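What follows is protein.cif (mmCIF, C-alpha atoms).
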```
data_start
loop_
_atom_site.label_atom_id
_atom_site.label_comp_id
_atom_site.auth_asym_id
_atom_site.auth_seq_id
_atom_site.Cartn_x
_atom_site.Cartn_y
_atom_site.Cartn_z
CA MET A 30 -14.89 -12.21 7.45
CA ALA A 31 -11.91 -9.90 8.03
CA LEU A 32 -9.33 -9.51 5.29
CA VAL A 33 -6.61 -8.56 7.79
CA GLN A 34 -6.45 -9.96 11.31
CA CYS A 35 -3.71 -8.97 13.77
CA THR A 36 -3.57 -10.71 17.14
CA LYS A 37 -1.18 -9.62 19.92
CA LEU A 38 1.43 -8.35 17.46
CA ASN A 39 4.72 -7.21 18.97
CA LYS A 40 7.76 -5.80 17.21
CA SER A 41 10.86 -4.13 18.63
CA TYR A 42 14.11 -2.76 17.24
CA HIS A 43 17.44 -1.84 18.73
CA GLN A 44 18.79 1.69 18.31
CA GLY A 45 22.27 1.28 19.67
CA LYS A 46 21.81 -0.13 23.17
CA ILE A 47 18.23 1.09 23.41
CA ARG A 48 15.34 -1.27 22.65
CA VAL A 49 12.45 0.48 20.94
CA HIS A 50 9.02 -1.15 21.12
CA ALA A 51 7.61 -0.35 17.68
CA LEU A 52 4.40 -2.36 18.23
CA GLN A 53 2.93 -3.59 21.50
CA ASP A 54 0.12 -6.15 21.67
CA ILE A 55 -1.71 -4.94 18.56
CA ASN A 56 -5.16 -6.51 18.14
CA LEU A 57 -6.84 -5.33 14.95
CA SER A 58 -9.34 -6.53 12.37
CA ILE A 59 -9.84 -4.86 8.97
CA GLU A 60 -12.77 -5.82 6.78
CA ARG A 61 -12.71 -6.35 3.03
CA GLY A 62 -13.45 -3.28 0.95
CA GLY A 63 -12.24 -0.82 3.56
CA PHE A 64 -10.51 2.51 2.90
CA VAL A 65 -8.54 2.65 6.11
CA SER A 66 -6.06 5.14 7.54
CA LEU A 67 -3.34 4.26 10.04
CA SER A 68 -2.50 7.57 11.66
CA GLY A 69 -0.25 8.81 14.42
CA PRO A 70 2.93 10.82 14.99
CA SER A 71 6.35 9.79 13.71
CA GLY A 72 7.54 6.75 15.64
CA SER A 73 4.01 5.62 16.49
CA GLY A 74 4.45 2.30 14.67
CA LYS A 75 2.13 2.83 11.72
CA THR A 76 4.72 2.12 9.01
CA THR A 77 5.97 -0.92 10.93
CA LEU A 78 2.40 -2.23 11.10
CA LEU A 79 1.89 -1.56 7.38
CA ASN A 80 5.12 -3.43 6.56
CA ILE A 81 4.06 -6.43 8.65
CA ILE A 82 0.63 -6.52 6.97
CA GLY A 83 2.44 -6.46 3.61
CA GLY A 84 4.78 -9.29 4.59
CA LEU A 85 7.81 -7.01 4.24
CA ASP A 86 8.65 -7.52 7.91
CA ARG A 87 7.82 -10.17 10.48
CA PRO A 88 6.59 -9.60 14.03
CA ASP A 89 8.58 -10.77 17.06
CA SER A 90 5.43 -12.43 18.37
CA GLY A 91 1.71 -12.59 17.69
CA MET A 92 -0.25 -13.57 14.60
CA ILE A 93 -0.91 -11.80 11.32
CA MET A 94 -3.44 -13.26 8.89
CA VAL A 95 -4.32 -11.80 5.49
CA ASN A 96 -6.95 -13.36 3.27
CA ASN A 97 -7.13 -16.34 5.67
CA LEU A 98 -3.39 -17.01 5.33
CA ASP A 99 -1.32 -17.17 8.51
CA TYR A 100 2.00 -15.49 7.68
CA ALA A 101 3.82 -17.60 10.27
CA THR A 102 3.16 -20.69 8.12
CA LEU A 103 4.57 -19.10 4.94
CA SER A 104 8.18 -19.20 3.79
CA SER A 105 9.90 -16.08 2.46
CA THR A 106 9.29 -17.36 -1.08
CA GLN A 107 5.59 -17.89 -0.37
CA LEU A 108 5.30 -14.41 1.11
CA ALA A 109 6.95 -12.97 -2.00
CA GLU A 110 4.40 -14.82 -4.17
CA LEU A 111 1.58 -13.47 -2.02
CA ARG A 112 2.87 -9.91 -2.46
CA LEU A 113 3.32 -10.39 -6.20
CA HIS A 114 -0.19 -11.65 -6.88
CA HIS A 115 -2.42 -10.26 -4.11
CA ILE A 116 -0.93 -7.09 -2.58
CA GLY A 117 -0.17 -3.78 -4.28
CA PHE A 118 2.18 -1.17 -2.80
CA VAL A 119 2.25 2.61 -3.19
CA PHE A 120 5.26 4.33 -1.62
CA GLN A 121 5.89 7.95 -0.61
CA SER A 122 8.92 8.13 -2.93
CA PHE A 123 7.01 6.63 -5.91
CA ASN A 124 9.69 3.90 -6.46
CA LEU A 125 9.42 4.01 -10.23
CA ILE A 126 12.23 2.62 -12.39
CA PRO A 127 13.82 5.72 -14.01
CA VAL A 128 14.84 4.08 -17.30
CA LEU A 129 11.37 2.64 -17.97
CA SER A 130 8.40 4.49 -19.44
CA ALA A 131 5.14 4.92 -17.53
CA GLN A 132 3.67 1.95 -19.40
CA GLU A 133 6.76 -0.20 -18.79
CA ASN A 134 6.71 0.64 -15.08
CA VAL A 135 3.07 -0.46 -14.87
CA GLU A 136 3.81 -3.59 -16.89
CA TYR A 137 6.70 -4.62 -14.66
CA VAL A 138 4.60 -6.47 -12.07
CA MET A 139 2.79 -8.36 -14.83
CA LEU A 140 6.14 -9.23 -16.41
CA LEU A 141 7.14 -10.85 -13.11
CA GLN A 142 3.80 -12.66 -13.07
CA GLY A 143 4.44 -14.12 -16.52
CA VAL A 144 1.63 -12.26 -18.31
CA LYS A 145 2.08 -12.22 -22.11
CA ALA A 146 3.31 -9.02 -23.75
CA LYS A 147 0.10 -8.15 -25.65
CA GLU A 148 -2.07 -8.51 -22.54
CA ARG A 149 0.46 -6.59 -20.44
CA ALA A 150 0.36 -3.65 -22.85
CA GLN A 151 -3.43 -3.63 -23.06
CA ARG A 152 -3.96 -3.77 -19.30
CA ALA A 153 -1.27 -1.16 -18.62
CA GLN A 154 -2.76 1.30 -21.09
CA GLU A 155 -6.28 0.75 -19.73
CA ILE A 156 -5.24 1.42 -16.13
CA LEU A 157 -3.16 4.47 -17.12
CA ASP A 158 -6.21 5.83 -18.92
CA GLU A 159 -8.22 5.17 -15.77
CA VAL A 160 -5.85 7.25 -13.61
CA GLY A 161 -5.85 10.11 -16.13
CA LEU A 162 -2.55 9.47 -17.89
CA GLY A 163 -3.80 8.60 -21.37
CA GLY A 164 -1.31 9.79 -23.95
CA MET A 165 1.60 9.67 -21.48
CA PHE A 166 2.38 5.98 -21.85
CA GLY A 167 5.87 6.57 -23.26
CA ARG A 168 7.06 9.20 -20.79
CA ARG A 169 9.76 8.29 -18.31
CA PRO A 170 9.44 9.34 -14.64
CA ALA A 171 11.73 12.38 -15.09
CA GLU A 172 9.28 13.68 -17.71
CA LEU A 173 6.32 13.48 -15.31
CA SER A 174 5.29 15.69 -12.40
CA GLY A 175 5.24 14.29 -8.87
CA GLY A 176 1.50 13.81 -9.02
CA GLN A 177 1.73 12.05 -12.37
CA GLN A 178 4.48 9.77 -11.05
CA GLN A 179 2.31 8.84 -8.08
CA ARG A 180 -0.57 8.07 -10.45
CA VAL A 181 1.75 5.70 -12.32
CA ALA A 182 2.57 4.10 -8.97
CA VAL A 183 -1.14 3.68 -8.22
CA ALA A 184 -1.72 2.21 -11.68
CA ARG A 185 1.14 -0.23 -11.11
CA ALA A 186 -0.35 -1.26 -7.76
CA MET A 187 -3.82 -1.72 -9.28
CA VAL A 188 -3.05 -3.38 -12.62
CA SER A 189 -2.88 -6.96 -11.35
CA ASN A 190 -6.23 -6.63 -9.52
CA PRO A 191 -4.87 -7.20 -5.98
CA THR A 192 -7.04 -7.89 -2.98
CA LEU A 193 -5.22 -5.29 -0.88
CA ILE A 194 -3.27 -2.09 -1.54
CA LEU A 195 -0.92 -0.66 1.08
CA ALA A 196 0.02 3.00 0.70
CA ASP A 197 2.76 4.54 2.85
CA GLU A 198 2.34 8.35 3.02
CA PRO A 199 1.16 8.49 -0.63
CA THR A 200 0.37 12.22 -0.54
CA ALA A 201 3.44 13.38 1.43
CA ASN A 202 5.33 14.74 -1.60
CA LEU A 203 2.29 16.25 -3.31
CA ASP A 204 0.54 19.60 -3.01
CA SER A 205 -2.96 19.48 -1.52
CA LYS A 206 -4.83 19.76 -4.84
CA THR A 207 -2.78 16.98 -6.47
CA GLY A 208 -3.05 14.85 -3.33
CA GLU A 209 -6.83 15.20 -3.28
CA GLY A 210 -7.05 14.23 -6.94
CA LEU A 211 -5.04 11.11 -6.21
CA LEU A 212 -7.27 10.24 -3.25
CA GLN A 213 -10.37 10.62 -5.43
CA ILE A 214 -8.90 8.15 -7.94
CA MET A 215 -8.06 5.63 -5.21
CA ARG A 216 -11.47 6.02 -3.55
CA LEU A 217 -13.19 5.39 -6.90
CA MET A 218 -11.10 2.24 -7.42
CA ASN A 219 -11.93 1.17 -3.88
CA THR A 220 -15.66 1.44 -4.47
CA SER A 221 -15.79 0.20 -8.07
CA ARG A 222 -13.39 -2.74 -7.65
CA GLN A 223 -13.84 -3.46 -3.93
CA VAL A 224 -10.07 -3.32 -3.40
CA THR A 225 -9.14 -2.75 0.24
CA PHE A 226 -6.82 0.22 0.84
CA ILE A 227 -4.76 0.74 3.99
CA PHE A 228 -2.83 4.01 4.32
CA SER A 229 -0.06 5.04 6.69
CA THR A 230 -0.33 8.81 6.91
CA HIS A 231 0.12 12.10 8.76
CA ASP A 232 -2.16 13.83 6.25
CA GLN A 233 -5.51 14.97 7.65
CA MET A 234 -6.98 14.95 4.14
CA VAL A 235 -6.27 11.22 3.83
CA MET A 236 -7.95 10.66 7.21
CA ASP A 237 -10.96 12.68 6.06
CA TYR A 238 -11.34 10.46 2.99
CA ALA A 239 -10.92 7.26 4.99
CA THR A 240 -13.96 5.24 6.00
CA ARG A 241 -12.08 4.19 9.15
CA VAL A 242 -9.23 5.85 11.06
CA ILE A 243 -6.95 3.74 13.26
CA THR A 244 -4.70 5.78 15.55
CA LEU A 245 -1.42 4.59 17.03
CA ARG A 246 0.89 6.17 19.59
CA ASP A 247 4.12 4.71 20.94
CA GLY A 248 3.39 1.37 19.30
CA GLN A 249 -0.06 0.96 20.79
CA LEU A 250 -3.57 1.41 19.44
CA THR A 251 -5.26 4.42 20.97
CA ASP A 252 -8.31 4.45 18.73
CA ALA A 253 -9.61 2.01 16.10
CA THR A 254 -13.02 3.47 15.24
#
```

Starting from the coordinates I provided, produce the structure as structure tokens.
Amino acid sequence: MALVQCTKLNKSYHQGKIRVHALQDINLSIERGGFVSLSGPSGSGKTTLLNIIGGLDRPDSGMIMVNNLDYATLSSTQLAELRLHHIGFVFQSFNLIPVLSAQENVEYVMLLQGVKAKERAQRAQEILDEVGLGGMFGRRPAELSGGQQQRVAVARAMVSNPTLILADEPTANLDSKTGEGLLQIMRLMNTSRQVTFIFSTHDQMVMDYATRVITLRDGQLTDAT
């Protein structure tokens, strides 16, 4: 059964007096365990689609179901709970909290979940070790390279064992070698933990790593192989 099911999704925005159709009649199914790339030029609708899958935005019409839950039946509070416990996010700009250490940034989601301090620390250190940041637990974001910061962001997304991770241009601010290293880590987590990854990306390297590439243009699917 599909983890993500989109049926006739439509979303538009207004830019001044102009109405922009960000998504038009999107029909899409994504299976569990996928490593999927949403690709297309700027303005194609890929980030809008990613945000709707993550419950950060709502469609104007159509249905979005994730893990057999119809988003239209969920309140804003229920969507927030779904994101907290079942969906991890990795952003282009890292979105780390500057005053917190790497470990504290990773622990933050578990703090919101009510996980006890000792377990939080253990799980955070284990996942930071897994992404190659052992010994850097106490460093703040400003003391880490861009690639290291993005690894912290991946660790934070992974630490609560989500069903789905959504990554918006995760390699955009990284050099190619660092970006490939990050992709290798995420691909290993995808295969070893069966976590589904969906990327929004311009990066051909991400598309090459993906097991499925979904292409959008002007808010419409042009290819979903």

Build an axis-aligned box that encloses every atom of stretch 190-197 of chain A listed in the file, pad it by 4 Å on each side, and report its centre and edge lengths in Å to one decimal, as lines of an AutoDock Vina configuration file.
```
center_x = -2.1
center_y = -1.7
center_z = -3.3
size_x = 17.8
size_y = 20.4
size_z = 20.4
```

Query raised in the report: Once you count only C-alpha atoms, which residues end up no further than 12 Å from (-10.2, 9.6, -5.4) in the file's frame, shown as a PyMOL selection string?
Result: chain A and resi 64+159-161+180+183+200+206-221+226+234-235+237-239

Query - Distance query stretch 33-38 of chain A at most 9 Å, only C-alpha atoms, self and fewer than 2 positions along chain excluded, as an MDAnalysis selection string - result: chainID A and resid 31 40 52:61 78 82 88:97

For the residues selected in the previous step, produce a file with C-alpha atoms as a PDB file, in the frame of the given file.
```pdb
ATOM      1  CA  ALA A  31     -11.910  -9.900   8.030  1.00  0.00           C
ATOM      2  CA  LYS A  40       7.760  -5.800  17.210  1.00  0.00           C
ATOM      3  CA  LEU A  52       4.400  -2.360  18.230  1.00  0.00           C
ATOM      4  CA  GLN A  53       2.930  -3.590  21.500  1.00  0.00           C
ATOM      5  CA  ASP A  54       0.120  -6.150  21.670  1.00  0.00           C
ATOM      6  CA  ILE A  55      -1.710  -4.940  18.560  1.00  0.00           C
ATOM      7  CA  ASN A  56      -5.160  -6.510  18.140  1.00  0.00           C
ATOM      8  CA  LEU A  57      -6.840  -5.330  14.950  1.00  0.00           C
ATOM      9  CA  SER A  58      -9.340  -6.530  12.370  1.00  0.00           C
ATOM     10  CA  ILE A  59      -9.840  -4.860   8.970  1.00  0.00           C
ATOM     11  CA  GLU A  60     -12.770  -5.820   6.780  1.00  0.00           C
ATOM     12  CA  ARG A  61     -12.710  -6.350   3.030  1.00  0.00           C
ATOM     13  CA  LEU A  78       2.400  -2.230  11.100  1.00  0.00           C
ATOM     14  CA  ILE A  82       0.630  -6.520   6.970  1.00  0.00           C
ATOM     15  CA  PRO A  88       6.590  -9.600  14.030  1.00  0.00           C
ATOM     16  CA  ASP A  89       8.580 -10.770  17.060  1.00  0.00           C
ATOM     17  CA  SER A  90       5.430 -12.430  18.370  1.00  0.00           C
ATOM     18  CA  GLY A  91       1.710 -12.590  17.690  1.00  0.00           C
ATOM     19  CA  MET A  92      -0.250 -13.570  14.600  1.00  0.00           C
ATOM     20  CA  ILE A  93      -0.910 -11.800  11.320  1.00  0.00           C
ATOM     21  CA  MET A  94      -3.440 -13.260   8.890  1.00  0.00           C
ATOM     22  CA  VAL A  95      -4.320 -11.800   5.490  1.00  0.00           C
ATOM     23  CA  ASN A  96      -6.950 -13.360   3.270  1.00  0.00           C
ATOM     24  CA  ASN A  97      -7.130 -16.340   5.670  1.00  0.00           C
TER      25      ASN A  97
END
```

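Here the PyMOL selection byres ((chain A and resi 199) around 7) captures the residues Val119, Phe120, Gln121, Ala196, Asp197, Glu198, Thr200 and Ala201 of chain A.
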
Query - Nearby residues (all atoms listed in the file) at most 12 Å from A:Ile156, same-chain spacing under 4 positions excluded, as a list of chain:residue names - result: A:Ala131, A:Gln132, A:Val135, A:Glu136, A:Arg149, A:Ala150, A:Gln151, A:Arg152, A:Val160, A:Gly161, A:Leu162, A:Gly163, A:Met165, A:Phe166, A:Arg180, A:Val181, A:Ala182, A:Val183, A:Ala184, A:Arg185, A:Ala186, A:Met187, A:Val188, A:Ser189, A:Asn190, A:Ile214, A:Met218

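Closest to A:Gln233 among A:Gly176, A:Gly69, A:Gly83, A:Gly117 is A:Gly69, based on only C-alpha atoms.
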
Requested in this report: Mind giving me the straight-line distance from atom CA of A:His231 to atom CA of A:Ser71 in Å, one decimal?
Outcome: 8.3 Å

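The gap separating atom CA of A:Pro191 from atom CA of A:Ile126 is 20.7 Å, in Å to one decimal.
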
**Report entry** Residue with smallest distance to A:Leu125 - pool A:Gln249, A:Gln179, A:Ser104, A:Ser174, counting only C-alpha atoms
**Finding:** A:Gln179

**Report entry** Shell around A:Ser105 at 12 Å using only C-alpha atoms, local window under 6 positions removed, as an NGL selection string
**Finding:** :A and (84-87 or 111-112)

Given the PyMOL selection byres ((chain A and resi 229) around 7), the residues it picks as a PDB file with C-alpha atoms, keeping the file's coordinate frame:
```pdb
ATOM      1  CA  SER A  66      -6.060   5.140   7.540  1.00  0.00           C
ATOM      2  CA  LEU A  67      -3.340   4.260  10.040  1.00  0.00           C
ATOM      3  CA  SER A  68      -2.500   7.570  11.660  1.00  0.00           C
ATOM      4  CA  LYS A  75       2.130   2.830  11.720  1.00  0.00           C
ATOM      5  CA  THR A  76       4.720   2.120   9.010  1.00  0.00           C
ATOM      6  CA  LEU A  79       1.890  -1.560   7.380  1.00  0.00           C
ATOM      7  CA  ALA A 196       0.020   3.000   0.700  1.00  0.00           C
ATOM      8  CA  ASP A 197       2.760   4.540   2.850  1.00  0.00           C
ATOM      9  CA  GLU A 198       2.340   8.350   3.020  1.00  0.00           C
ATOM     10  CA  ILE A 227      -4.760   0.740   3.990  1.00  0.00           C
ATOM     11  CA  PHE A 228      -2.830   4.010   4.320  1.00  0.00           C
ATOM     12  CA  THR A 230      -0.330   8.810   6.910  1.00  0.00           C
TER      13      THR A 230
END
```

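The interatomic distance for the pair atom CA of A:Arg169 and atom CA of A:Ile194 works out to 23.6 Å.
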
Output requested as a short mmCIF file (atom, residue, chain, number, x, y, z; two decimals), keeping the file's coordinate frame - stretch 179-215 of chain A, filled out with N, CA and C atoms.
```cif
data_model
loop_
_atom_site.label_atom_id
_atom_site.label_comp_id
_atom_site.auth_asym_id
_atom_site.auth_seq_id
_atom_site.Cartn_x
_atom_site.Cartn_y
_atom_site.Cartn_z
N GLN A 179 3.05 9.60 -9.08
CA GLN A 179 2.31 8.84 -8.08
C GLN A 179 1.10 8.16 -8.70
N ARG A 180 0.53 8.74 -9.74
CA ARG A 180 -0.57 8.07 -10.45
C ARG A 180 -0.06 6.82 -11.18
N VAL A 181 1.15 6.90 -11.73
CA VAL A 181 1.75 5.70 -12.32
C VAL A 181 1.93 4.63 -11.25
N ALA A 182 2.38 5.05 -10.06
CA ALA A 182 2.57 4.10 -8.97
C ALA A 182 1.26 3.44 -8.55
N VAL A 183 0.18 4.23 -8.53
CA VAL A 183 -1.14 3.68 -8.22
C VAL A 183 -1.59 2.71 -9.31
N ALA A 184 -1.37 3.10 -10.56
CA ALA A 184 -1.72 2.21 -11.68
C ALA A 184 -0.96 0.90 -11.59
N ARG A 185 0.33 0.97 -11.26
CA ARG A 185 1.14 -0.23 -11.11
C ARG A 185 0.60 -1.12 -9.99
N ALA A 186 0.19 -0.50 -8.89
CA ALA A 186 -0.35 -1.26 -7.76
C ALA A 186 -1.68 -1.92 -8.11
N MET A 187 -2.47 -1.25 -8.97
CA MET A 187 -3.82 -1.72 -9.28
C MET A 187 -3.89 -2.73 -10.42
N VAL A 188 -2.90 -2.72 -11.33
CA VAL A 188 -3.05 -3.38 -12.62
C VAL A 188 -3.25 -4.89 -12.52
N SER A 189 -2.74 -5.51 -11.48
CA SER A 189 -2.88 -6.96 -11.35
C SER A 189 -4.08 -7.36 -10.50
N ASN A 190 -4.99 -6.38 -10.26
CA ASN A 190 -6.23 -6.63 -9.52
C ASN A 190 -5.97 -7.29 -8.16
N PRO A 191 -5.17 -6.62 -7.29
CA PRO A 191 -4.87 -7.20 -5.98
C PRO A 191 -6.08 -7.15 -5.06
N THR A 192 -6.01 -7.92 -4.01
CA THR A 192 -7.04 -7.89 -2.98
C THR A 192 -6.85 -6.68 -2.07
N LEU A 193 -5.59 -6.29 -1.89
CA LEU A 193 -5.22 -5.29 -0.88
C LEU A 193 -4.16 -4.37 -1.45
N ILE A 194 -4.31 -3.06 -1.20
CA ILE A 194 -3.27 -2.09 -1.54
C ILE A 194 -2.83 -1.37 -0.28
N LEU A 195 -1.52 -1.33 -0.07
CA LEU A 195 -0.92 -0.66 1.08
C LEU A 195 -0.20 0.58 0.59
N ALA A 196 -0.53 1.73 1.15
CA ALA A 196 0.02 3.00 0.70
C ALA A 196 0.68 3.73 1.87
N ASP A 197 1.99 3.91 1.78
CA ASP A 197 2.76 4.54 2.85
C ASP A 197 2.98 6.02 2.52
N GLU A 198 2.26 6.90 3.22
CA GLU A 198 2.34 8.35 3.02
C GLU A 198 2.25 8.73 1.53
N PRO A 199 1.21 8.28 0.83
CA PRO A 199 1.16 8.49 -0.63
C PRO A 199 1.02 9.93 -1.07
N THR A 200 0.56 10.81 -0.16
CA THR A 200 0.37 12.22 -0.54
C THR A 200 1.46 13.13 0.02
N ALA A 201 2.46 12.57 0.69
CA ALA A 201 3.44 13.38 1.43
C ALA A 201 4.23 14.32 0.52
N ASN A 202 4.52 13.91 -0.70
CA ASN A 202 5.33 14.74 -1.60
C ASN A 202 4.50 15.50 -2.62
N LEU A 203 3.19 15.61 -2.35
CA LEU A 203 2.29 16.25 -3.31
C LEU A 203 1.64 17.48 -2.68
N ASP A 204 1.32 18.48 -3.51
CA ASP A 204 0.54 19.60 -3.01
C ASP A 204 -0.89 19.13 -2.74
N SER A 205 -1.65 19.93 -2.01
CA SER A 205 -2.96 19.48 -1.52
C SER A 205 -3.93 19.18 -2.67
N LYS A 206 -3.91 19.98 -3.72
CA LYS A 206 -4.83 19.76 -4.84
C LYS A 206 -4.50 18.44 -5.54
N THR A 207 -3.20 18.21 -5.81
CA THR A 207 -2.78 16.98 -6.47
C THR A 207 -3.06 15.78 -5.58
N GLY A 208 -2.80 15.93 -4.28
CA GLY A 208 -3.05 14.85 -3.33
C GLY A 208 -4.52 14.48 -3.28
N GLU A 209 -5.40 15.49 -3.31
CA GLU A 209 -6.83 15.20 -3.28
C GLU A 209 -7.27 14.50 -4.55
N GLY A 210 -6.72 14.91 -5.68
CA GLY A 210 -7.05 14.23 -6.94
C GLY A 210 -6.67 12.77 -6.90
N LEU A 211 -5.50 12.49 -6.33
CA LEU A 211 -5.04 11.11 -6.21
C LEU A 211 -5.96 10.31 -5.28
N LEU A 212 -6.36 10.92 -4.18
CA LEU A 212 -7.27 10.24 -3.25
C LEU A 212 -8.61 9.94 -3.90
N GLN A 213 -9.10 10.85 -4.73
CA GLN A 213 -10.37 10.62 -5.43
C GLN A 213 -10.26 9.42 -6.36
N ILE A 214 -9.12 9.30 -7.05
CA ILE A 214 -8.90 8.15 -7.94
C ILE A 214 -8.90 6.86 -7.13
N MET A 215 -8.16 6.85 -6.01
CA MET A 215 -8.06 5.63 -5.21
C MET A 215 -9.40 5.27 -4.56
#
```
